[in-house]
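A.B. asks: File name work-v7.cif; file contents mmCIF, C-alpha atoms and all ligand atoms; full text below.
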```cif
data_structure
loop_
_atom_site.label_atom_id
_atom_site.label_comp_id
_atom_site.auth_asym_id
_atom_site.auth_seq_id
_atom_site.Cartn_x
_atom_site.Cartn_y
_atom_site.Cartn_z
CA MET U 1 32.86 8.72 -10.80
CA ARG U 2 32.26 9.98 -7.24
CA MET U 3 28.99 9.79 -5.35
CA TYR U 4 29.86 13.14 -3.75
CA ASP U 5 29.72 14.85 -7.17
CA ILE U 6 26.39 13.21 -8.03
CA ILE U 7 24.84 14.43 -4.79
CA GLU U 8 26.21 17.92 -5.33
CA LYS U 9 24.96 18.01 -8.94
CA LYS U 10 21.43 17.06 -7.95
CA ARG U 11 21.53 19.34 -4.90
CA ASN U 12 22.28 22.22 -7.28
CA GLY U 13 19.29 21.33 -9.45
CA HIS U 14 21.01 19.74 -12.45
CA VAL U 15 19.91 16.76 -14.52
CA LEU U 16 21.82 13.54 -13.80
CA SER U 17 23.18 11.52 -16.70
CA GLU U 18 22.22 7.91 -17.37
CA GLU U 19 25.71 6.85 -16.30
CA GLU U 20 25.42 8.71 -12.99
CA ILE U 21 22.00 7.25 -12.17
CA ARG U 22 23.13 3.71 -12.99
CA PHE U 23 26.35 4.23 -10.97
CA PHE U 24 24.25 5.21 -7.93
CA VAL U 25 21.80 2.30 -8.24
CA GLN U 26 24.56 -0.24 -8.80
CA GLY U 27 26.75 1.13 -5.99
CA TYR U 28 23.95 1.39 -3.45
CA THR U 29 22.80 -2.13 -4.27
CA ASP U 30 26.26 -3.68 -3.95
CA GLY U 31 27.02 -1.78 -0.74
CA SER U 32 29.86 0.37 -2.09
CA ILE U 33 27.73 3.50 -1.60
CA PRO U 34 26.79 3.92 2.06
CA ASP U 35 23.35 4.77 3.47
CA TYR U 36 24.34 8.33 4.35
CA GLN U 37 25.23 9.19 0.75
CA ALA U 38 22.12 7.48 -0.60
CA SER U 39 19.95 9.43 1.86
CA ALA U 40 21.62 12.68 0.87
CA LEU U 41 20.85 11.96 -2.79
CA CYS U 42 17.23 11.04 -1.97
CA MET U 43 16.87 14.34 -0.12
CA ALA U 44 18.36 16.23 -3.06
CA ILE U 45 15.90 14.46 -5.40
CA TYR U 46 13.10 15.25 -2.96
CA PHE U 47 13.82 18.99 -3.26
CA GLN U 48 15.02 19.24 -6.86
CA GLY U 49 12.86 16.61 -8.58
CA MET U 50 13.82 14.66 -11.69
CA SER U 51 13.02 14.95 -15.39
CA ASP U 52 10.86 12.25 -17.04
CA GLU U 53 14.01 10.91 -18.68
CA GLU U 54 15.82 10.65 -15.32
CA ILE U 55 12.78 8.89 -13.77
CA SER U 56 12.64 6.31 -16.60
CA ILE U 57 16.37 5.58 -16.25
CA LEU U 58 16.12 5.31 -12.46
CA THR U 59 13.12 2.97 -12.79
CA ASP U 60 14.88 0.80 -15.35
CA ALA U 61 18.11 0.66 -13.33
CA MET U 62 16.18 -0.35 -10.21
CA ALA U 63 14.03 -2.90 -12.09
CA HIS U 64 17.23 -4.54 -13.34
CA SER U 65 19.17 -4.30 -10.07
CA GLY U 66 18.36 -7.96 -9.42
CA ASP U 67 16.31 -10.80 -10.87
CA THR U 68 13.16 -10.33 -12.92
CA VAL U 69 10.19 -12.68 -12.98
CA ASP U 70 9.05 -14.40 -16.14
CA LEU U 71 5.26 -14.82 -16.10
CA SER U 72 4.98 -15.74 -19.77
CA ARG U 73 3.53 -19.14 -18.81
CA PHE U 74 0.33 -17.28 -17.78
CA GLY U 75 0.02 -15.48 -21.13
CA ASP U 76 -2.13 -12.35 -20.90
CA LEU U 77 -3.76 -13.48 -17.64
CA SER U 78 -1.00 -12.27 -15.35
CA ALA U 79 -2.08 -9.36 -13.19
CA ASP U 80 -0.78 -7.18 -10.38
CA LYS U 81 -2.01 -4.41 -8.13
CA HIS U 82 -0.17 -1.78 -6.15
CA SER U 83 -1.19 0.95 -3.77
CA THR U 84 0.82 4.08 -3.15
CA GLY U 85 0.01 3.54 0.52
CA GLY U 86 -2.62 4.74 2.90
CA VAL U 87 -4.07 4.27 6.35
CA GLY U 88 -6.35 1.28 6.83
CA ASP U 89 -5.59 0.25 3.25
CA LYS U 90 -6.18 -3.49 3.17
CA THR U 91 -7.43 -3.54 -0.42
CA SER U 92 -4.87 -6.11 -1.64
CA LEU U 93 -6.26 -8.70 0.78
CA ILE U 94 -9.65 -8.33 -0.92
CA VAL U 95 -8.86 -7.42 -4.54
CA ILE U 96 -6.27 -10.13 -5.18
CA PRO U 97 -8.39 -13.20 -4.27
CA THR U 98 -11.38 -11.60 -5.99
CA VAL U 99 -9.67 -11.21 -9.35
CA ALA U 100 -7.94 -14.57 -8.93
CA CYS U 101 -11.27 -16.35 -8.60
CA LEU U 102 -12.34 -14.68 -11.85
CA GLY U 103 -9.41 -16.18 -13.76
CA ALA U 104 -6.49 -13.77 -13.34
CA LYS U 105 -3.10 -15.08 -12.25
CA LEU U 106 -1.40 -13.03 -9.55
CA ALA U 107 2.19 -13.68 -8.54
CA LYS U 108 2.34 -10.77 -6.16
CA MET U 109 5.20 -9.34 -4.19
CA SER U 110 4.23 -6.87 -1.53
CA GLY U 111 5.96 -4.47 0.81
CA ARG U 112 6.06 -3.70 4.50
CA GLY U 113 4.68 -0.64 6.24
CA LEU U 114 6.23 2.64 5.19
CA GLY U 115 6.00 5.79 7.33
CA HIS U 116 2.49 6.13 8.71
CA THR U 117 1.07 3.62 6.20
CA GLY U 118 0.70 -0.13 6.62
CA GLY U 119 2.10 -2.84 4.35
CA THR U 120 0.50 -6.05 3.06
CA VAL U 121 3.38 -8.29 4.16
CA ASP U 122 3.11 -7.12 7.78
CA LYS U 123 -0.64 -7.72 7.68
CA LEU U 124 -0.24 -11.23 6.29
CA GLU U 125 2.39 -12.09 8.89
CA SER U 126 -0.26 -11.51 11.55
CA ILE U 127 -1.88 -14.76 10.35
CA PRO U 128 -0.22 -17.62 12.29
CA GLY U 129 1.86 -19.82 10.00
CA TYR U 130 1.64 -17.61 6.89
CA GLN U 131 4.93 -17.78 4.96
CA THR U 132 5.90 -14.54 3.24
CA SER U 133 8.84 -16.12 1.44
CA MET U 134 8.81 -19.14 -0.89
CA ASP U 135 11.14 -20.56 -3.46
CA GLY U 136 10.51 -19.51 -7.03
CA GLU U 137 9.05 -22.76 -8.38
CA ALA U 138 6.70 -23.27 -5.40
CA PHE U 139 5.53 -19.67 -5.86
CA MET U 140 4.72 -20.24 -9.55
CA LYS U 141 3.05 -23.58 -8.85
CA GLN U 142 0.78 -21.97 -6.28
CA VAL U 143 -0.19 -19.22 -8.74
CA GLU U 144 -0.99 -21.91 -11.29
CA ASP U 145 -3.07 -23.98 -8.85
CA VAL U 146 -4.75 -21.37 -6.64
CA GLY U 147 -4.60 -18.32 -8.92
CA LEU U 148 -2.52 -16.25 -6.52
CA ALA U 149 0.39 -16.08 -4.13
CA ILE U 150 1.55 -13.08 -2.10
CA ILE U 151 5.06 -12.98 -0.72
CA GLY U 152 7.46 -10.27 0.47
CA GLN U 153 9.80 -8.67 -2.01
CA SER U 154 11.71 -11.85 -2.62
CA GLY U 155 15.44 -12.54 -2.42
CA ASN U 156 16.93 -10.71 -5.27
CA LEU U 157 14.02 -8.87 -6.88
CA THR U 158 14.68 -5.11 -7.10
CA PRO U 159 17.26 -5.16 -4.28
CA ALA U 160 17.87 -1.47 -4.99
CA ASP U 161 14.28 -0.65 -4.06
CA LYS U 162 14.37 -2.94 -1.05
CA LYS U 163 17.26 -0.93 0.43
CA LEU U 164 16.04 2.47 -0.71
CA TYR U 165 12.48 1.89 0.51
CA ALA U 166 13.70 1.11 4.04
CA LEU U 167 16.05 4.08 3.95
CA ARG U 168 13.44 6.56 2.70
CA ASP U 169 11.05 5.36 5.38
CA VAL U 170 13.33 6.73 8.10
CA THR U 171 14.79 9.78 6.31
CA ALA U 172 11.58 11.69 5.42
CA THR U 173 12.05 11.11 1.69
CA VAL U 174 9.01 9.02 0.91
CA ASP U 175 6.64 11.58 -0.60
CA SER U 176 8.61 12.43 -3.72
CA ILE U 177 7.05 11.76 -7.13
CA PRO U 178 10.30 10.54 -8.82
CA LEU U 179 11.14 8.28 -5.89
CA ILE U 180 7.64 6.81 -5.57
CA THR U 181 7.33 6.33 -9.34
CA SER U 182 10.66 4.51 -9.61
CA SER U 183 10.03 2.48 -6.45
CA ILE U 184 6.61 1.23 -7.51
CA MET U 185 7.21 0.82 -11.22
CA SER U 186 10.60 -0.91 -10.82
CA LYS U 187 8.89 -3.55 -8.68
CA LYS U 188 5.93 -3.88 -11.02
CA LEU U 189 8.13 -4.21 -14.11
CA ALA U 190 10.48 -6.71 -12.47
CA ALA U 191 7.51 -8.72 -11.19
CA GLY U 192 6.48 -9.31 -14.79
CA ALA U 193 2.65 -8.94 -14.85
CA HIS U 194 0.99 -7.97 -18.09
CA ASN U 195 -1.98 -6.14 -16.50
CA ILE U 196 -1.42 -3.70 -13.66
CA VAL U 197 -3.82 -1.61 -11.59
CA LEU U 198 -2.42 1.14 -9.39
CA ASP U 199 -4.32 2.57 -6.46
CA VAL U 200 -3.02 6.11 -6.17
CA LYS U 201 -4.16 7.47 -2.83
CA VAL U 202 -4.95 11.15 -2.45
CA GLY U 203 -5.37 13.16 0.73
CA SER U 204 -4.20 13.71 4.27
CA GLY U 205 -3.29 10.04 4.81
CA ALA U 206 -1.53 9.61 1.47
CA PHE U 207 1.91 10.58 0.28
CA MET U 208 0.18 12.66 -2.41
CA LYS U 209 -1.88 15.30 -0.65
CA THR U 210 -3.75 16.79 -3.62
CA PRO U 211 -5.54 15.33 -6.67
CA ARG U 212 -3.14 17.35 -8.86
CA GLN U 213 -0.04 15.68 -7.37
CA ALA U 214 -1.71 12.27 -7.46
CA ARG U 215 -2.67 12.72 -11.10
CA GLU U 216 0.91 13.62 -11.97
CA LEU U 217 2.22 10.53 -10.17
CA ALA U 218 -0.47 8.29 -11.71
CA GLN U 219 0.18 9.55 -15.21
CA LYS U 220 3.96 9.03 -14.88
CA MET U 221 3.48 5.46 -13.68
CA VAL U 222 0.91 4.65 -16.38
CA ASP U 223 3.21 6.10 -19.07
CA ILE U 224 6.23 4.09 -17.89
CA GLY U 225 4.16 0.89 -17.73
CA LYS U 226 2.75 1.42 -21.22
CA MET U 227 6.19 2.22 -22.62
CA CYS U 228 7.19 -1.23 -21.36
CA GLY U 229 4.22 -2.90 -23.06
CA ARG U 230 1.97 -3.40 -20.02
CA ASN U 231 -1.78 -2.75 -19.76
CA MET U 232 -2.18 -0.07 -17.09
CA ALA U 233 -4.96 1.53 -15.06
CA ALA U 234 -4.54 3.98 -12.18
CA VAL U 235 -7.39 4.69 -9.78
CA LEU U 236 -7.17 7.95 -7.80
CA SER U 237 -8.90 7.18 -4.51
CA ASN U 238 -9.69 9.29 -1.46
CA MET U 239 -7.35 8.99 1.52
CA ASN U 240 -8.49 12.04 3.49
CA VAL U 241 -10.10 9.56 5.86
CA PRO U 242 -8.72 6.10 6.77
CA LEU U 243 -10.20 3.40 4.56
CA GLY U 244 -12.77 1.21 6.30
CA THR U 245 -12.85 1.05 10.07
CA HIS U 246 -9.83 -1.03 11.13
CA ILE U 247 -6.19 0.15 11.27
CA GLY U 248 -3.38 -2.21 12.33
CA ASN U 249 -2.25 -5.54 11.00
CA ALA U 250 -4.45 -8.32 12.43
CA LEU U 251 -7.34 -5.85 12.76
CA GLU U 252 -7.13 -5.11 9.03
CA VAL U 253 -7.04 -8.79 8.14
CA LYS U 254 -10.25 -9.18 10.16
CA GLU U 255 -11.95 -6.36 8.27
CA ALA U 256 -10.85 -7.80 4.92
CA ILE U 257 -12.37 -11.14 5.92
CA ALA U 258 -15.63 -9.41 6.85
CA VAL U 259 -15.78 -7.76 3.40
CA LEU U 260 -15.09 -11.04 1.60
CA LYS U 261 -17.75 -12.76 3.70
CA GLY U 262 -20.19 -10.09 2.51
CA GLU U 263 -20.70 -8.84 6.08
CA VAL U 264 -19.56 -5.28 5.42
CA HIS U 265 -20.59 -2.90 2.62
CA ASN U 266 -18.53 0.21 3.23
CA ASP U 267 -16.07 2.57 1.51
CA LEU U 268 -13.46 -0.20 1.63
CA ARG U 269 -15.63 -2.58 -0.37
CA ASN U 270 -16.47 0.17 -2.88
CA VAL U 271 -12.80 1.00 -3.55
CA CYS U 272 -12.01 -2.71 -3.89
CA GLU U 273 -14.80 -3.13 -6.43
CA VAL U 274 -13.37 -0.31 -8.57
CA LEU U 275 -9.82 -1.66 -8.39
CA ALA U 276 -10.84 -5.25 -9.05
CA SER U 277 -13.17 -4.37 -11.92
CA ASN U 278 -10.53 -2.22 -13.65
CA LEU U 279 -8.02 -5.03 -13.33
CA ILE U 280 -10.28 -7.87 -14.45
CA SER U 281 -11.62 -5.84 -17.38
CA MET U 282 -8.04 -5.60 -18.69
CA VAL U 283 -7.27 -9.27 -17.98
CA LEU U 284 -10.42 -10.70 -19.57
CA GLN U 285 -10.80 -7.86 -22.07
CA ILE U 286 -14.39 -7.20 -21.07
CA PRO U 287 -16.22 -3.87 -20.62
CA LEU U 288 -15.92 -2.20 -17.24
CA ASP U 289 -19.62 -2.49 -16.33
CA LYS U 290 -19.58 -6.24 -17.01
CA ALA U 291 -16.36 -6.55 -14.99
CA LEU U 292 -18.00 -4.75 -12.06
CA GLU U 293 -20.94 -7.18 -12.12
CA GLU U 294 -18.52 -10.12 -12.08
CA VAL U 295 -16.63 -8.66 -9.14
CA LYS U 296 -19.79 -8.09 -7.07
CA GLU U 297 -20.96 -11.60 -7.84
CA ALA U 298 -17.56 -13.08 -6.89
CA ILE U 299 -17.80 -11.46 -3.46
CA ASP U 300 -21.53 -11.98 -2.86
CA SER U 301 -21.41 -15.66 -3.85
CA GLY U 302 -18.55 -16.36 -1.41
CA LYS U 303 -16.27 -17.46 -4.27
CA ALA U 304 -13.70 -14.79 -3.48
CA PHE U 305 -13.70 -15.78 0.20
CA GLU U 306 -13.14 -19.44 -0.71
CA THR U 307 -10.19 -18.36 -2.85
CA MET U 308 -8.81 -16.37 0.07
CA LYS U 309 -8.94 -19.48 2.26
CA ALA U 310 -7.27 -21.65 -0.39
CA TRP U 311 -4.51 -19.05 -0.77
CA ILE U 312 -3.83 -18.62 2.95
CA LYS U 313 -3.78 -22.40 3.41
CA ALA U 314 -1.40 -22.91 0.48
CA GLN U 315 1.01 -20.45 2.11
CA GLY U 316 1.00 -22.26 5.43
CA GLY U 317 -1.45 -19.96 7.21
CA ASP U 318 -3.83 -21.37 9.77
CA VAL U 319 -7.17 -21.22 7.99
CA ARG U 320 -9.08 -21.54 11.27
CA TYR U 321 -8.26 -17.86 11.85
CA ILE U 322 -9.80 -16.92 8.51
CA GLU U 323 -12.92 -18.93 9.21
CA ASP U 324 -13.17 -17.60 12.75
CA PRO U 325 -11.35 -14.27 13.12
CA ALA U 326 -12.22 -14.21 16.84
CA LEU U 327 -9.21 -16.54 17.23
CA PHE U 328 -6.74 -13.72 16.49
CA PRO U 329 -5.03 -12.61 19.73
CA VAL U 330 -6.47 -9.40 21.11
CA SER U 331 -4.38 -6.65 22.72
CA PRO U 332 -4.24 -6.60 26.53
CA VAL U 333 -5.53 -3.01 26.62
CA ILE U 334 -8.62 -1.83 24.77
CA TYR U 335 -9.11 1.85 25.45
CA GLU U 336 -12.17 3.87 24.43
CA VAL U 337 -11.43 7.36 23.16
CA LYS U 338 -14.39 9.60 24.03
CA SER U 339 -15.57 12.64 22.14
CA PRO U 340 -14.74 15.92 23.88
CA ALA U 341 -17.43 17.75 21.85
CA SER U 342 -20.90 17.42 20.35
CA GLY U 343 -21.55 18.01 16.66
CA TYR U 344 -20.39 16.48 13.39
CA ILE U 345 -16.95 15.14 12.60
CA GLU U 346 -16.00 17.55 9.83
CA ALA U 347 -12.53 16.21 9.02
CA MET U 348 -9.98 13.62 10.11
CA ASN U 349 -6.28 13.87 9.42
CA ALA U 350 -5.61 10.31 8.25
CA GLU U 351 -1.83 10.68 8.45
CA GLU U 352 -1.98 11.70 12.11
CA ILE U 353 -4.28 8.76 12.75
CA GLY U 354 -1.79 6.46 11.03
CA ILE U 355 0.96 7.87 13.26
CA THR U 356 -1.26 7.28 16.30
CA SER U 357 -1.54 3.61 15.32
CA VAL U 358 2.27 3.42 15.07
CA MET U 359 2.49 4.87 18.61
CA LEU U 360 0.21 2.06 19.76
CA GLY U 361 2.62 -0.52 18.26
CA ALA U 362 1.07 -1.22 14.84
CA GLY U 363 4.01 0.14 12.80
CA ARG U 364 7.72 0.89 12.95
CA GLU U 365 9.40 4.09 14.06
CA LYS U 366 12.87 2.80 13.13
CA LYS U 367 13.55 0.25 10.39
CA GLU U 368 14.62 -2.48 12.85
CA ASP U 369 11.54 -2.10 15.12
CA ALA U 370 9.27 -5.10 15.66
CA ILE U 371 5.53 -4.81 15.05
CA ASP U 372 2.78 -5.72 17.48
CA TYR U 373 0.34 -7.46 15.15
CA SER U 374 -2.66 -7.04 17.45
CA ALA U 375 -2.20 -3.30 17.97
CA GLY U 376 -4.19 -0.64 16.17
CA ILE U 377 -7.35 1.40 16.11
CA ILE U 378 -11.00 0.57 15.39
CA LEU U 379 -12.86 3.65 14.23
CA CYS U 380 -16.39 3.98 15.59
CA LYS U 381 -17.08 7.42 14.07
CA LYS U 382 -15.85 8.83 10.80
CA VAL U 383 -16.25 12.06 8.84
CA GLY U 384 -19.91 13.05 8.52
CA ASP U 385 -20.99 11.21 11.67
CA LYS U 386 -22.89 13.04 14.40
CA VAL U 387 -21.51 12.67 17.91
CA GLN U 388 -22.43 13.70 21.44
CA ALA U 389 -19.76 14.63 23.96
CA GLY U 390 -18.74 11.41 25.70
CA ASP U 391 -19.54 9.11 22.73
CA THR U 392 -16.85 6.58 21.86
CA LEU U 393 -14.95 7.81 18.82
CA CYS U 394 -12.62 4.85 18.46
CA LEU U 395 -11.00 1.94 20.29
CA PHE U 396 -7.26 1.77 20.82
CA HIS U 397 -5.86 -1.78 20.88
CA THR U 398 -2.41 -1.83 22.43
CA ALA U 399 0.09 -3.43 24.77
CA ARG U 400 1.67 -0.01 25.44
CA GLU U 401 -0.42 1.39 28.25
CA GLN U 402 2.13 4.15 28.78
CA ALA U 403 1.54 5.39 25.20
CA LEU U 404 -2.18 6.02 25.76
CA PRO U 405 -2.15 9.69 26.89
CA ALA U 406 0.02 10.86 23.99
CA ALA U 407 -1.83 8.66 21.49
CA GLU U 408 -5.21 9.95 22.67
CA ALA U 409 -4.04 13.57 22.41
CA LYS U 410 -2.72 12.92 18.89
CA TYR U 411 -5.92 11.21 17.79
CA LEU U 412 -8.16 13.98 19.11
CA ALA U 413 -5.98 16.65 17.53
CA ALA U 414 -6.48 14.85 14.20
CA LEU U 415 -10.25 15.47 14.31
CA ARG U 416 -12.17 18.63 13.50
CA PHE U 417 -15.68 19.05 14.85
CA GLY U 418 -18.33 21.35 13.38
CA GLU U 419 -22.01 22.16 13.68
CA THR U 420 -23.14 21.12 10.23
CA LYS U 421 -22.79 17.88 8.33
CA PRO U 422 -19.88 18.23 5.90
CA GLU U 423 -20.46 17.59 2.21
CA ALA U 424 -19.42 14.08 1.21
CA GLU U 425 -16.16 13.93 -0.76
CA PRO U 426 -15.71 11.65 -3.78
CA LEU U 427 -14.35 8.21 -2.94
CA ILE U 428 -12.84 7.87 -6.43
CA TYR U 429 -11.55 11.02 -8.13
CA GLU U 430 -10.61 9.57 -11.48
CA VAL U 431 -9.43 6.49 -13.31
CA ILE U 432 -6.54 6.87 -15.75
CA ARG U 433 -6.26 4.01 -18.26
N1 LIG U 501 4.88 2.30 -2.23
C1 LIG U 501 6.04 1.88 -2.78
O1 LIG U 501 6.17 0.72 -3.18
N2 LIG U 501 7.03 2.74 -2.89
C2 LIG U 501 6.93 4.01 -2.49
O2 LIG U 501 7.87 4.74 -2.65
C3 LIG U 501 5.73 4.45 -1.90
C4 LIG U 501 4.71 3.57 -1.78
#
```
Render the structure in this file as structure tokens.
Ligand code: URA

C.D. replies:
Amino acid sequence: MRMYDIIEKKRNGHVLSEEEIRFFVQGYTDGSIPDYQASALCMAIYFQGMSDEEISILTDAMAHSGDTVDLSRFGDLSADKHSTGGVGDKTSLIVIPTVACLGAKLAKMSGRGLGHTGGTVDKLESIPGYQTSMDGEAFMKQVEDVGLAIIGQSGNLTPADKKLYALRDVTATVDSIPLITSSIMSKKLAAGAHNIVLDVKVGSGAFMKTPRQARELAQKMVDIGKMCGRNMAAVLSNMNVPLGTHIGNALEVKEAIAVLKGEVHNDLRNVCEVLASNLISMVLQIPLDKALEEVKEAIDSGKAFETMKAWIKAQGGDVRYIEDPALFPVSPVIYEVKSPASGYIEAMNAEEIGITSVMLGAGREKKEDAIDYSAGIILCKKVGDKVQAGDTLCLFHTAREQALPAAEAKYLAALRFGETKPEAEPLIYEVIR
């Protein structure tokens, strides 16, 4: 079998056979298929799509491209969460300790930033000392003792996705339903949890730009999970505007801490409550309204925050930073972006804002780039807010002074001003269970 023929077949819009899909996954994983052929196939899939059958085979081949995790020791309590990626999306840092303190067991493997979106592993690495890799038994022991552990995609778990994810990030092939479905569900299936909640982001800052696309993606992922015997819920949440106020790794950790300390009640907390309550209702088999009460109580009582501290400590992180986030290093330049107009902010392009944060150093432009953990953006005004010309719209945190003019121009171009207050959009479009 030749990779050339597989690329050509998909390029011409044909359905790949099981053998061809498995040949590609195996060959790309073992290095016999080079990056340039894998990227050509991803681009062909991007344009031609895949049938449901092809997606299930691709997901299964990727899930079995390396080790799989056995969580049977946790019975039905094992749980996992995944986001399709957004801007300012630090929900895992809040949802995971919250459901863990309510009795779920989360052995979670997370990803790095992808395109304009951030990744949980990069955020956690901004905490001094935090170890994002652990050996298997220590990982399980921590889940048993603390209720959760979050590491990077470990050694040999879905190596096919590990390579493809990094490749897609730099070849403009992220926002493809078959590729996102197989990427996310291969990891979730290999990671072994019995209960899975997916946060499917919709809007300008998400890979899925419309509720229709997001629903299609959500339904495919829920179907694949159920076919494999997992309890599944998918929450379609709004990503037309960055979530919360902080974008960038250490900045997002600080905002997550503020939510868990009960200091902030914003859109971020609301989305986290929906995700956490859907997950814990499946784990404990309780009604959704009861689950929501439990989640609110876990945060308001400080129990979820205590669990966060225990988790960070168990993974080597310096808990003083969690107790006192002012200890996190701050960027040498803090630049105020001023409003050029008076009126209401009618819309924000969250993707462009995510790209602005990458320009400031918070993400990667090439897969080998290093991240500046302190860099990012703090939003002072969001959609629906009234502003006067000269008001501060946001704060840029950066060490790249030379990037400021272009970043400011990009940020301002991402905003639309109007004379009337825009109608509020739904924060949650739908939950598919
Ligand atoms: N998150 C993933 O894990 N994979 C994707 O392809 C997109 C978002």

A.B. asks: I want to know what sits within 8 Å of Ser183 of chain U, based on all atoms listed in the file, with residues of the same chain fewer than 6 positions away left out; could you give that as a VMD selection string?

C.D. replies: chain U and resid 59 62 161 165

A.B. asks: List as a PyMOL selection string the residues having at least one atom at most 10 Å from position (14.9, 9.6, -17.6) as given in the file, counting only C-alpha atoms.

C.D. replies: chain U and resi 15-18+21+50-60+178

A.B. asks: Grab the atom CA of Leu157 of chain U to atom CA of Ala61 of chain U distance for me, in Å with one decimal place.

C.D. replies: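 Separation of atom CA of Leu157 of chain U and atom CA of Ala61 of chain U: 12.2 Å.
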
A.B. asks: Please define a box with edges along x, y and z of the file around all atoms of ligand LIG 501 (chain U) given in the file, extend it by 6 Å on each side, and return its centre and edge lengths in Å to one decimal, as JSON.

C.D. replies:
```
{"center_x": 6.3, "center_y": 2.7, "center_z": -2.5, "size_x": 15.2, "size_y": 16.0, "size_z": 13.4}
```

A.B. asks: Name the residues, by chain letter and number, that sit within 7 Å of ligand LIG 501 (chain U) using only C-alpha atoms and all ligand atoms, and give them as an MDAnalysis selection string.

C.D. replies: chainID U and resid 83:85 111 165 174 179:181 183:184

A.B. asks: Quick one: which segment 290-403 of chain U residues come within 8 Å of segment 205-213 of chain U, and what is the nearest atom pair for each with the distance in Å to one decimal, counting all atoms listed in the file, rows ordered by chain and ascending number, as JSON lines?

C.D. replies:
```
{"residue": "U:Asn349", "atom": "CA", "partner": "U:Gly205", "partner_atom": "CA", "distance": 6.7}
{"residue": "U:Ala350", "atom": "CA", "partner": "U:Gly205", "partner_atom": "CA", "distance": 4.2}
{"residue": "U:Glu351", "atom": "CA", "partner": "U:Gly205", "partner_atom": "CA", "distance": 4.0}
{"residue": "U:Glu352", "atom": "CA", "partner": "U:Gly205", "partner_atom": "CA", "distance": 7.6}
{"residue": "U:Gly354", "atom": "CA", "partner": "U:Gly205", "partner_atom": "CA", "distance": 7.3}
```

A.B. asks: Which one of U:Ala193, U:Leu167, U:Leu102, U:Leu41 sits closest to Leu71 of chain U if you count only C-alpha atoms?

C.D. replies: U:Ala193

A.B. asks: Quick one: pull the distance between atom CA of Leu164 of chain U and atom CA of Gly66 of chain U, Å, one decimal.

C.D. replies: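 One can read the atom CA of Leu164 of chain U to atom CA of Gly66 of chain U distance as 13.8 Å.
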
A.B. asks: Can you find the residues with an atom no farther than 7 Å from (12.1, -2.8, -12.1), counting all atoms listed in the file, and report them as a PDB file with C-alpha atoms, in the coordinates of the input?

C.D. replies:
```pdb
ATOM      1  CA  THR U  59      13.120   2.970 -12.790  1.00  0.00           C
ATOM      2  CA  ASP U  60      14.880   0.800 -15.350  1.00  0.00           C
ATOM      3  CA  MET U  62      16.180  -0.350 -10.210  1.00  0.00           C
ATOM      4  CA  ALA U  63      14.030  -2.900 -12.090  1.00  0.00           C
ATOM      5  CA  HIS U  64      17.230  -4.540 -13.340  1.00  0.00           C
ATOM      6  CA  THR U 158      14.680  -5.110  -7.100  1.00  0.00           C
ATOM      7  CA  MET U 185       7.210   0.820 -11.220  1.00  0.00           C
ATOM      8  CA  SER U 186      10.600  -0.910 -10.820  1.00  0.00           C
ATOM      9  CA  LYS U 187       8.890  -3.550  -8.680  1.00  0.00           C
ATOM     10  CA  LYS U 188       5.930  -3.880 -11.020  1.00  0.00           C
ATOM     11  CA  LEU U 189       8.130  -4.210 -14.110  1.00  0.00           C
ATOM     12  CA  ALA U 190      10.480  -6.710 -12.470  1.00  0.00           C
TER      13      ALA U 190
END
```

A.B. asks: Counting all atoms listed in the file, figure out which residue out of U:Val337, U:Ala375, U:Ile432, U:Met227 gets nearest to Tyr411 of chain U.

C.D. replies: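 Looking at the shortest contact to Tyr411 of chain U, the residue is U:Val337.
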
A.B. asks: Could you check which of U:Gln142, U:Ser32, U:Gln153, U:Ser72 is closest to Gly192 of chain U, using all atoms listed in the file?

C.D. replies: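 Of U:Gln142, U:Ser32, U:Gln153, U:Ser72, the one nearest Gly192 of chain U is U:Ser72, counting all atoms listed in the file.
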
A.B. asks: Between U:Ala256, U:Met134, U:Ile96, U:Ala218, which has the minimum distance to Val431 of chain U (counting only C-alpha atoms)?

C.D. replies: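 Of U:Ala256, U:Met134, U:Ile96, U:Ala218, the one nearest Val431 of chain U, counting only C-alpha atoms, is U:Ala218.
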
A.B. asks: What separation in Å, quoted to one decimal, exists between atom CA of Leu124 of chain U and atom CA of Ile377 of chain U?

C.D. replies: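 Result for atom CA of Leu124 of chain U versus atom CA of Ile377 of chain U: 17.5 Å, one decimal.
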
A.B. asks: May I have the residues within 12 Å of Ala409 of chain U as a ChimeraX atom specification, using only C-alpha atoms and disregarding those fewer than 5 positions away in the same chain?

C.D. replies: /U:337-340,352-353,355-356,359,403-404,414-415

A.B. asks: Using only C-alpha atoms, which of the listed residues (U:Cys228, U:Val87, U:Val69, U:Val121) sits closest to Asn156 of chain U?

C.D. replies: U:Val69

A.B. asks: I'd like the contact shell of Tyr36 of chain U - 12 Å cut-off, only C-alpha atoms, skipping same-chain residues fewer than 6 positions apart - returned as a ChimeraX atom specification.

C.D. replies: /U:3-4,7,28,42-43,164,167-168,170-171

A.B. asks: Need to verify the contact set: Cys101 of chain U, 10 Å, all atoms listed in the file, exclusion of same-chain residues closer than 2 positions in sequence. Can you return it as a PyMOL selection string?

C.D. replies: chain U and resi 96-99+103-105+146-148+295+298-299+303-308

A.B. asks: What's around Phe24 of chain U at 9 Å? Count only C-alpha atoms, leave out sequence neighbours fewer than 5 positions away in its own chain, and write the answer as a list in words.

C.D. replies: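 Using only C-alpha atoms, the neighbours found are Met3, Ile6, Glu19, Thr29, Ile33 and Ala38 of chain U.
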